[in-house]
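What follows is one structure encoded as structure tokens, with my remarks underneath.
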Amino acid sequence: MAFKLGMSSPDLAPGDIELVHQVLQTPYLSMGPMIESFEKEWARFTGTRFAVGVSSGTAGLHLAVIAAGIEPGDEVITTPFSFVASSNVMLYQGAQPIFADIDPKTMNIDPNQVEDKIQARRAQGGRVKAILPVHVFGQPCDMDALTELARRYDLTLIEDACEAIGAKYKGRDVGTFGHASVFAFYPNKQMTTGEGGMLVTDDPEYASLFRSLRNQGRDENGTWLHHIRLGYNYRLDEMSAALGLAQLRRIEELLVKRDRVAQMYNQRLARMERVRTPYIAPDTTRLSWFVYVIRLDPSIDRDAVMQTLEQNGIPSRPYFACIHLQPFYRERFGFREGDFPVTESVARSTLALPFHNNLDESQIDLVCETLSQALMSRTAS
Ligand SMILES: *Cc1c(COP(=O)(O)O)cnc(C)c1O
């Protein structure tokens with residue numbers, strides 16, 4: 001079949017490409033004026049005092065975990081329903097991710113489960129130091145409850161906002177609740193730099209530490225061969241920063257386009273039997289559409305549905321797979337099926353459909369009609 005839809009696709013305007021070209025006509029390909037502007041405008045966009053560009057969202061999360069003072073043997077409460085990076089960053093520090101199960105509707109970490117885990121670990125002498133919630137699929141977590149838990153138990157709060165650029169909880173931007181928060185710009189995100197990420201914080205000490213850590217542990221002035229701590233090369237280059245800056249200047253347009261595509265899906269799928277369209281929590285004043293994920297009734301054979309879609313040139317993905325059931329996590333920590341029942345049942349039900357800014361009505365029609373046919377012929381026995 002010649003026709004093939006993409007799962008995701010960046011939205012690049014001529015002006016975005018032009019700004020990258022401009023960088024290539026200067027000698028400044030790293031640590032130049034583009035990253036400075038990108039950081040300044042990003043801080044204004046999220047409403048934080050500081051923004052620090054890094055080479056990926058994962059790099060940003062790693063630095064946030066280091067800044068929180070997470071050391072070997074420490075524990076960080078996080079969600080098993082996420083992209084694996086949000087949990088791997090604890091392992092980079094020799095620390096332990098402690099998973100808490102999720103809310104079945106929002107698919108975000110459940111604050112009651114978080115509190116149970118904090119109390120259980122502390123009762124057993126565990127060293128819980130931080131909470132790392134993930135705003136899954138662009139829907140903000142229950143930040144009132146999580147902020148209160150962080151305060152009550154004296155924990156650092158790190159927001160993984162990598163899927164939630166521009167999302168708002170009770171009118172307030174995600175990324176402004178945590179001691180540090182991280183956004184990401186991989187090409188499937190709401191906006192892209194190719195590879196890249198952004199740390200935000202209101203704490204000047206964190207900001208200066210992030211600048212040092214991303215730059216091989218150099219001091220604030222970036223003195224050439226003078227290293228005051230163990231650092232990394234997590235810098236964001238100028239071409240990437242230029243693309244990010246141009247995309248950020250169009251972010252409202254990008255988010256509105258994504259919302260339009262999501263609404264087209266919502267309209268067509270609202271009455272489809274045994275399919276649930278994405279849930280939006282009452283406290284979510286803006287969901288930032290990252291992907292479009294439907295939930296299938298357990299009576300449906302998801303693999304067969306995916307196969308039928310694929311045969312018609314339509315890709316789809318189960319999204320996410322549980323982190324605790326990844327081979328590496330099973331081996332290292334001995335996790336088994338049944339450990340996090342809500343996460344596992346949600347993970348069995350999800351299906352991400354093709355989603356990007358420039359899908360048109362006829363393409364959405366095709367996806368929805370093919371899905372409808374696949375559902376009729378593919379019921380689990
Ligand atoms: C995209 C993403 C990241 C960061 O990914 P990078 O590819 O390293 O930029 C982290 N956490 C979540 C939940 C993500 O979706």
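Every chain in the structure tokens has a letter given in the order shown (A, B, ...), and although residue numbers restart at 1 in each chain, ligands are simply numbered from 1 in the order shown.
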
Return as a ChimeraX atom specification every polymer residue, whether protein, DNA or RNA, with at least one atom no more than 8 Å from an atom of ligand 1; count only C-alpha atoms and all ligand atoms. /A:55-61,82-86,134-137,160-163,183-186,189,195-197

Where in range 156-309 of chain A does DSSP assign strand (DSSP E or B), given as a PyMOL selection string? chain A and resi 156-160+168-169+172-173+180-184+197-201+215+218+227+233+237+275-276+284-286+292-296+300

How would the residues just picked look written out with N, CA, C and O atoms as a CSV table (one decimal), in the first residue's frame?
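The resulting out35.csv:
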```csv
chain,number,residue,atom,x,y,z
A,156,THR,N,11.6,16.8,48.0
A,156,THR,CA,11.8,17.6,46.8
A,156,THR,C,10.8,17.2,45.7
A,156,THR,O,10.5,16.0,45.6
A,157,LEU,N,10.2,18.2,45.0
A,157,LEU,CA,9.2,17.9,44.0
A,157,LEU,C,9.8,18.2,42.6
A,157,LEU,O,10.2,19.3,42.4
A,158,ILE,N,9.9,17.2,41.8
A,158,ILE,CA,10.4,17.4,40.4
A,158,ILE,C,9.3,17.0,39.5
A,158,ILE,O,8.8,15.9,39.5
A,159,GLU,N,8.9,18.0,38.6
A,159,GLU,CA,7.8,17.7,37.7
A,159,GLU,C,8.4,17.3,36.3
A,159,GLU,O,9.3,18.0,35.8
A,160,ASP,N,8.0,16.1,35.9
A,160,ASP,CA,8.3,15.7,34.5
A,160,ASP,C,7.2,16.2,33.6
A,160,ASP,O,6.1,15.6,33.5
A,168,LYS,N,-2.2,23.5,31.8
A,168,LYS,CA,-2.5,24.3,33.0
A,168,LYS,C,-3.3,23.5,33.9
A,168,LYS,O,-4.3,22.8,33.5
A,169,TYR,N,-3.0,23.6,35.2
A,169,TYR,CA,-3.7,23.0,36.3
A,169,TYR,C,-4.4,24.1,37.1
A,169,TYR,O,-3.7,25.0,37.6
A,172,ARG,N,-3.0,27.4,36.4
A,172,ARG,CA,-1.6,27.6,36.6
A,172,ARG,C,-0.7,26.7,35.8
A,172,ARG,O,-1.1,25.5,35.6
A,173,ASP,N,0.3,27.2,35.2
A,173,ASP,CA,1.2,26.4,34.3
A,173,ASP,C,1.9,25.3,35.0
A,173,ASP,O,2.4,25.4,36.1
A,180,ALA,N,12.1,21.9,40.7
A,180,ALA,CA,12.6,22.0,39.4
A,180,ALA,C,11.6,21.2,38.5
A,180,ALA,O,11.0,20.2,38.9
A,181,SER,N,11.5,21.6,37.2
A,181,SER,CA,10.6,20.9,36.3
A,181,SER,C,11.3,20.8,34.9
A,181,SER,O,12.2,21.6,34.6
A,182,VAL,N,10.9,19.8,34.1
A,182,VAL,CA,11.6,19.6,32.9
A,182,VAL,C,10.6,19.5,31.7
A,182,VAL,O,9.6,18.8,31.8
A,183,PHE,N,11.0,20.1,30.6
A,183,PHE,CA,10.2,20.0,29.3
A,183,PHE,C,11.2,19.4,28.3
A,183,PHE,O,12.4,19.4,28.5
A,184,ALA,N,10.6,18.8,27.3
A,184,ALA,CA,11.4,18.1,26.3
A,184,ALA,C,10.9,18.4,24.9
A,184,ALA,O,9.7,18.7,24.6
A,197,GLY,N,16.0,19.8,25.6
A,197,GLY,CA,15.1,19.8,26.8
A,197,GLY,C,15.3,21.2,27.5
A,197,GLY,O,16.2,21.9,27.2
A,198,MET,N,14.4,21.5,28.5
A,198,MET,CA,14.5,22.7,29.2
A,198,MET,C,14.2,22.5,30.7
A,198,MET,O,13.2,21.9,31.0
A,199,LEU,N,15.1,22.9,31.6
A,199,LEU,CA,14.9,22.9,33.0
A,199,LEU,C,14.3,24.2,33.4
A,199,LEU,O,14.9,25.2,33.0
A,200,VAL,N,13.4,24.2,34.3
A,200,VAL,CA,12.9,25.5,34.9
A,200,VAL,C,12.9,25.4,36.4
A,200,VAL,O,12.7,24.4,36.9
A,201,THR,N,13.1,26.6,37.0
A,201,THR,CA,13.1,26.6,38.5
A,201,THR,C,13.0,28.1,38.9
A,201,THR,O,13.3,29.0,38.1
A,215,ASN,N,27.6,21.8,31.7
A,215,ASN,CA,28.8,22.2,31.1
A,215,ASN,C,30.1,21.7,31.7
A,215,ASN,O,31.0,22.4,32.1
A,218,ARG,N,32.0,23.1,35.0
A,218,ARG,CA,32.7,24.4,35.1
A,218,ARG,C,32.0,25.3,36.0
A,218,ARG,O,30.8,25.1,36.3
A,227,HIS,N,37.2,22.9,36.6
A,227,HIS,CA,36.1,22.1,36.8
A,227,HIS,C,35.9,22.0,38.4
A,227,HIS,O,36.7,21.4,39.0
A,233,ASN,N,28.4,16.6,29.6
A,233,ASN,CA,28.1,17.5,28.4
A,233,ASN,C,26.6,17.3,28.0
A,233,ASN,O,26.3,16.4,27.3
A,237,ASP,N,22.9,22.7,21.5
A,237,ASP,CA,23.6,23.5,20.6
A,237,ASP,C,22.8,24.6,20.0
A,237,ASP,O,21.5,24.7,20.2
A,275,VAL,N,-15.3,2.1,22.9
A,275,VAL,CA,-14.1,3.0,22.8
A,275,VAL,C,-14.3,4.2,23.7
A,275,VAL,O,-15.4,4.7,23.7
A,276,ARG,N,-13.3,4.5,24.5
A,276,ARG,CA,-13.4,5.7,25.3
A,276,ARG,C,-12.5,6.8,24.8
A,276,ARG,O,-11.3,6.5,24.7
A,284,THR,N,-8.1,20.2,35.1
A,284,THR,CA,-7.2,20.5,33.9
A,284,THR,C,-7.9,21.7,33.2
A,284,THR,O,-8.8,21.5,32.4
A,285,THR,N,-7.3,22.9,33.4
A,285,THR,CA,-7.9,24.0,32.6
A,285,THR,C,-7.3,24.1,31.2
A,285,THR,O,-7.9,24.7,30.4
A,286,ARG,N,-6.1,23.5,31.0
A,286,ARG,CA,-5.7,23.3,29.6
A,286,ARG,C,-4.9,22.0,29.5
A,286,ARG,O,-3.9,21.8,30.1
A,292,TYR,N,-2.9,11.3,20.9
A,292,TYR,CA,-4.3,11.0,21.1
A,292,TYR,C,-4.5,9.6,21.4
A,292,TYR,O,-4.2,8.7,20.6
A,293,VAL,N,-4.8,9.3,22.7
A,293,VAL,CA,-4.9,7.9,23.2
A,293,VAL,C,-6.3,7.5,23.6
A,293,VAL,O,-6.9,8.1,24.5
A,294,ILE,N,-6.8,6.5,22.9
A,294,ILE,CA,-8.2,6.0,23.3
A,294,ILE,C,-8.0,4.8,24.2
A,294,ILE,O,-6.9,4.2,24.3
A,295,ARG,N,-9.1,4.5,24.8
A,295,ARG,CA,-9.1,3.3,25.7
A,295,ARG,C,-10.1,2.3,25.1
A,295,ARG,O,-11.2,2.6,24.8
A,296,LEU,N,-9.6,1.1,25.0
A,296,LEU,CA,-10.5,0.0,24.4
A,296,LEU,C,-11.1,-0.8,25.5
A,296,LEU,O,-10.4,-1.1,26.5
A,300,ILE,N,-12.2,-6.3,23.6
A,300,ILE,CA,-11.6,-6.1,22.3
A,300,ILE,C,-10.1,-6.6,22.3
A,300,ILE,O,-9.3,-6.4,23.2
```

Set the distance at 12 Å and use only C-alpha atoms: which residues neighbour Met31 in chain A once local chain neighbours fewer than 4 positions away are removed? I'd like the list as a PDB file with N, CA and C atoms, in the first residue's frame.
```pdb
ATOM      1  N   VAL A  23      21.970  30.763  12.131  1.00  0.00           N
ATOM      2  CA  VAL A  23      23.022  30.284  13.043  1.00  0.00           C
ATOM      3  C   VAL A  23      24.209  29.778  12.237  1.00  0.00           C
ATOM      4  N   PRO A  27      29.876  32.039  13.563  1.00  0.00           N
ATOM      5  CA  PRO A  27      30.795  31.052  14.154  1.00  0.00           C
ATOM      6  C   PRO A  27      30.253  30.450  15.453  1.00  0.00           C
ATOM      7  N   ILE A  35      20.746  30.259  22.487  1.00  0.00           N
ATOM      8  CA  ILE A  35      20.301  29.592  23.707  1.00  0.00           C
ATOM      9  C   ILE A  35      19.938  30.620  24.771  1.00  0.00           C
ATOM     10  N   GLU A  36      20.671  31.731  24.780  1.00  0.00           N
ATOM     11  CA  GLU A  36      20.338  32.778  25.751  1.00  0.00           C
ATOM     12  C   GLU A  36      18.924  33.309  25.530  1.00  0.00           C
ATOM     13  N   SER A  37      18.593  33.583  24.254  1.00  0.00           N
ATOM     14  CA  SER A  37      17.244  34.091  23.958  1.00  0.00           C
ATOM     15  C   SER A  37      16.193  33.029  24.234  1.00  0.00           C
ATOM     16  N   PHE A  38      16.495  31.781  23.841  1.00  0.00           N
ATOM     17  CA  PHE A  38      15.541  30.694  24.031  1.00  0.00           C
ATOM     18  C   PHE A  38      15.223  30.539  25.524  1.00  0.00           C
ATOM     19  N   GLU A  39      16.248  30.570  26.349  1.00  0.00           N
ATOM     20  CA  GLU A  39      16.045  30.420  27.799  1.00  0.00           C
ATOM     21  C   GLU A  39      15.240  31.585  28.370  1.00  0.00           C
ATOM     22  N   VAL A  52      16.909  26.722  31.845  1.00  0.00           N
ATOM     23  CA  VAL A  52      18.252  26.277  31.434  1.00  0.00           C
ATOM     24  C   VAL A  52      18.099  25.198  30.365  1.00  0.00           C
ATOM     25  N   GLY A  53      18.597  25.484  29.153  1.00  0.00           N
ATOM     26  CA  GLY A  53      18.474  24.533  28.046  1.00  0.00           C
ATOM     27  C   GLY A  53      19.455  23.383  28.195  1.00  0.00           C
ATOM     28  N   VAL A  54      19.010  22.179  27.861  1.00  0.00           N
ATOM     29  CA  VAL A  54      19.861  20.986  27.924  1.00  0.00           C
ATOM     30  C   VAL A  54      19.639  20.129  26.668  1.00  0.00           C
ATOM     31  N   SER A  55      20.477  19.105  26.531  1.00  0.00           N
ATOM     32  CA  SER A  55      20.513  18.347  25.288  1.00  0.00           C
ATOM     33  C   SER A  55      19.358  17.364  25.107  1.00  0.00           C
ATOM     34  N   ARG A 211      23.516  25.050  35.237  1.00  0.00           N
ATOM     35  CA  ARG A 211      24.433  25.600  34.210  1.00  0.00           C
ATOM     36  C   ARG A 211      25.817  24.987  34.320  1.00  0.00           C
ATOM     37  N   ARG A 214      25.579  20.984  33.288  1.00  0.00           N
ATOM     38  CA  ARG A 214      25.423  20.694  31.853  1.00  0.00           C
ATOM     39  C   ARG A 214      26.711  20.986  31.096  1.00  0.00           C
ATOM     40  N   ASN A 215      27.622  21.754  31.730  1.00  0.00           N
ATOM     41  CA  ASN A 215      28.822  22.236  31.058  1.00  0.00           C
ATOM     42  C   ASN A 215      30.077  21.677  31.719  1.00  0.00           C
ATOM     43  N   ASN A 221      31.192  31.111  35.314  1.00  0.00           N
ATOM     44  CA  ASN A 221      31.743  31.853  34.172  1.00  0.00           C
ATOM     45  C   ASN A 221      32.147  30.935  33.029  1.00  0.00           C
ATOM     46  N   GLY A 222      32.026  29.632  33.218  1.00  0.00           N
ATOM     47  CA  GLY A 222      32.388  28.703  32.158  1.00  0.00           C
ATOM     48  C   GLY A 222      33.885  28.699  31.879  1.00  0.00           C
ATOM     49  N   ASN A 233      28.367  16.647  29.572  1.00  0.00           N
ATOM     50  CA  ASN A 233      28.104  17.476  28.397  1.00  0.00           C
ATOM     51  C   ASN A 233      26.644  17.309  28.045  1.00  0.00           C
ATOM     52  N   TYR A 234      25.798  18.144  28.631  1.00  0.00           N
ATOM     53  CA  TYR A 234      24.358  18.137  28.375  1.00  0.00           C
ATOM     54  C   TYR A 234      23.951  19.466  27.729  1.00  0.00           C
ATOM     55  N   ARG A 235      24.889  20.106  26.986  1.00  0.00           N
ATOM     56  CA  ARG A 235      24.570  21.397  26.382  1.00  0.00           C
ATOM     57  C   ARG A 235      23.616  21.244  25.198  1.00  0.00           C
ATOM     58  N   LEU A 236      22.829  22.302  24.963  1.00  0.00           N
ATOM     59  CA  LEU A 236      21.942  22.364  23.801  1.00  0.00           C
ATOM     60  C   LEU A 236      22.639  23.238  22.758  1.00  0.00           C
ATOM     61  N   ASP A 237      22.856  22.719  21.542  1.00  0.00           N
ATOM     62  CA  ASP A 237      23.606  23.508  20.555  1.00  0.00           C
ATOM     63  C   ASP A 237      22.760  24.648  19.982  1.00  0.00           C
ATOM     64  N   GLU A 238      23.411  25.553  19.275  1.00  0.00           N
ATOM     65  CA  GLU A 238      22.748  26.768  18.795  1.00  0.00           C
ATOM     66  C   GLU A 238      21.722  26.515  17.688  1.00  0.00           C
ATOM     67  N   MET A 239      21.959  25.485  16.844  1.00  0.00           N
ATOM     68  CA  MET A 239      20.973  25.182  15.796  1.00  0.00           C
ATOM     69  C   MET A 239      19.665  24.722  16.454  1.00  0.00           C
ATOM     70  N   SER A 240      19.818  23.855  17.450  1.00  0.00           N
ATOM     71  CA  SER A 240      18.643  23.357  18.171  1.00  0.00           C
ATOM     72  C   SER A 240      17.940  24.484  18.918  1.00  0.00           C
ATOM     73  N   ALA A 241      18.732  25.338  19.561  1.00  0.00           N
ATOM     74  CA  ALA A 241      18.150  26.450  20.320  1.00  0.00           C
ATOM     75  C   ALA A 241      17.395  27.395  19.383  1.00  0.00           C
ATOM     76  N   ALA A 242      17.932  27.614  18.174  1.00  0.00           N
ATOM     77  CA  ALA A 242      17.269  28.498  17.208  1.00  0.00           C
ATOM     78  C   ALA A 242      15.926  27.906  16.787  1.00  0.00           C
TER      79      ALA A 242
END
```

Shell around Met272 in chain A at 10 Å using only C-alpha atoms, local window under 3 positions removed, as a VMD selection string: chain A and resid 267 to 269 275 to 277 368 371 to 372 375

Of the candidates A:Gly47, A:Pro14, A:Gly166, A:Gly6, which shows the shortest atom-to-atom distance to Ile251 in chain A, using only C-alpha atoms? A:Gly166

Straight-line distance linking CA of Thr193 in chain A with CA of Trp42 in chain A, stated in Å to one decimal: 13.2 Å

Identify, on the basis of only C-alpha atoms, every residue whose closest approach to Ser87 in chain A does not exceed 9 Å; exclude the query and any residue fewer than 2 positions from it along the same chain; express the result as a VMD selection string. chain A and resid 76 78 to 80 82 to 85 89 to 91 96 to 99 132 323

From the DSSP assignment of the backbone, select every residue of range 184-255 of chain A that is helix (DSSP H, G or I), and format the answer as a PyMOL selection string. chain A and resi 204-214+238-248+251-255

Write out, as a tab-separated table (two decimals), in the first residue's frame, the residues just selected, with N, CA, C and O atoms.
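As a result, selection_11.tsv now contains:
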```
chain	number	residue	atom	x	y	z
A	204	PRO	N	17.62	30.29	42.48
A	204	PRO	CA	18.86	30.70	41.82
A	204	PRO	C	20.01	29.69	42.01
A	204	PRO	O	20.84	29.53	41.12
A	205	GLU	N	20.03	29.00	43.15
A	205	GLU	CA	21.10	28.01	43.37
A	205	GLU	C	20.95	26.81	42.43
A	205	GLU	O	21.93	26.30	41.89
A	206	TYR	N	19.70	26.36	42.25
A	206	TYR	CA	19.44	25.29	41.30
A	206	TYR	C	19.87	25.71	39.90
A	206	TYR	O	20.53	24.98	39.17
A	207	ALA	N	19.47	26.93	39.50
A	207	ALA	CA	19.75	27.40	38.14
A	207	ALA	C	21.25	27.42	37.89
A	207	ALA	O	21.73	26.95	36.84
A	208	SER	N	22.01	27.91	38.86
A	208	SER	CA	23.45	28.01	38.65
A	208	SER	C	24.09	26.61	38.66
A	208	SER	O	25.01	26.33	37.89
A	209	LEU	N	23.54	25.71	39.48
A	209	LEU	CA	24.02	24.33	39.48
A	209	LEU	C	23.74	23.64	38.13
A	209	LEU	O	24.60	22.95	37.58
A	210	PHE	N	22.55	23.87	37.59
A	210	PHE	CA	22.20	23.27	36.28
A	210	PHE	C	23.17	23.74	35.20
A	210	PHE	O	23.61	22.96	34.35
A	211	ARG	N	23.52	25.05	35.24
A	211	ARG	CA	24.43	25.60	34.21
A	211	ARG	C	25.82	24.99	34.32
A	211	ARG	O	26.49	24.74	33.32
A	212	SER	N	26.23	24.73	35.55
A	212	SER	CA	27.54	24.11	35.77
A	212	SER	C	27.50	22.64	35.35
A	212	SER	O	28.39	22.16	34.63
A	213	LEU	N	26.48	21.92	35.80
A	213	LEU	CA	26.41	20.48	35.53
A	213	LEU	C	26.31	20.16	34.04
A	213	LEU	O	26.88	19.18	33.56
A	214	ARG	N	25.58	20.98	33.29
A	214	ARG	CA	25.42	20.69	31.85
A	214	ARG	C	26.71	20.99	31.10
A	214	ARG	O	26.88	20.59	29.95
A	238	GLU	N	23.41	25.55	19.27
A	238	GLU	CA	22.75	26.77	18.79
A	238	GLU	C	21.72	26.52	17.69
A	238	GLU	O	20.72	27.23	17.59
A	239	MET	N	21.96	25.49	16.84
A	239	MET	CA	20.97	25.18	15.80
A	239	MET	C	19.66	24.72	16.45
A	239	MET	O	18.58	25.14	16.08
A	240	SER	N	19.82	23.85	17.45
A	240	SER	CA	18.64	23.36	18.17
A	240	SER	C	17.94	24.48	18.92
A	240	SER	O	16.71	24.57	18.92
A	241	ALA	N	18.73	25.34	19.56
A	241	ALA	CA	18.15	26.45	20.32
A	241	ALA	C	17.39	27.39	19.38
A	241	ALA	O	16.32	27.90	19.72
A	242	ALA	N	17.93	27.61	18.17
A	242	ALA	CA	17.27	28.50	17.21
A	242	ALA	C	15.93	27.91	16.79
A	242	ALA	O	14.91	28.60	16.73
A	243	LEU	N	15.92	26.60	16.53
A	243	LEU	CA	14.66	25.95	16.15
A	243	LEU	C	13.66	26.05	17.30
A	243	LEU	O	12.48	26.36	17.09
A	244	GLY	N	14.15	25.84	18.52
A	244	GLY	CA	13.29	25.93	19.70
A	244	GLY	C	12.71	27.33	19.87
A	244	GLY	O	11.53	27.50	20.17
A	245	LEU	N	13.56	28.33	19.66
A	245	LEU	CA	13.12	29.72	19.81
A	245	LEU	C	12.03	30.05	18.79
A	245	LEU	O	10.99	30.62	19.13
A	246	ALA	N	12.24	29.63	17.54
A	246	ALA	CA	11.25	29.90	16.49
A	246	ALA	C	9.94	29.15	16.78
A	246	ALA	O	8.84	29.70	16.60
A	247	GLN	N	10.06	27.93	17.27
A	247	GLN	CA	8.85	27.14	17.58
A	247	GLN	C	8.12	27.73	18.79
A	247	GLN	O	6.90	27.79	18.82
A	248	LEU	N	8.89	28.16	19.78
A	248	LEU	CA	8.27	28.75	20.98
A	248	LEU	C	7.47	30.00	20.60
A	248	LEU	O	6.40	30.25	21.15
A	251	ILE	N	4.15	28.87	19.63
A	251	ILE	CA	3.63	27.77	20.44
A	251	ILE	C	2.10	27.79	20.55
A	251	ILE	O	1.45	26.74	20.50
A	252	GLU	N	1.53	28.98	20.65
A	252	GLU	CA	0.08	29.06	20.79
A	252	GLU	C	-0.59	28.48	19.53
A	252	GLU	O	-1.52	27.68	19.62
A	253	GLU	N	-0.07	28.85	18.37
A	253	GLU	CA	-0.59	28.32	17.10
A	253	GLU	C	-0.45	26.78	17.07
A	253	GLU	O	-1.38	26.07	16.67
A	254	LEU	N	0.69	26.27	17.51
A	254	LEU	CA	0.93	24.83	17.49
A	254	LEU	C	-0.06	24.11	18.41
A	254	LEU	O	-0.63	23.08	18.04
A	255	LEU	N	-0.29	24.66	19.60
A	255	LEU	CA	-1.19	24.01	20.55
A	255	LEU	C	-2.63	24.05	20.06
A	255	LEU	O	-3.38	23.08	20.24
```

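Among A:Gln93, A:Ser349, A:Ser30, A:Asn358, the residue with the shortest atom-to-atom distance to Lys257 in chain A, counting only C-alpha atoms, is A:Asn358.
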
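Using only C-alpha atoms for every distance, the candidate list A:Ala262, A:Leu351, A:Val291, A:Ala164 yields A:Val291 as the residue closest to Ser9 in chain A.
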
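Between CA of His356 in chain A and CA of Ile314 in chain A the separation is 13.4 Å.
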
From A:Ala64, A:Ser362, A:Ser288, A:Thr350, residue lying nearest Ser316 in chain A [only C-alpha atoms]: A:Thr350
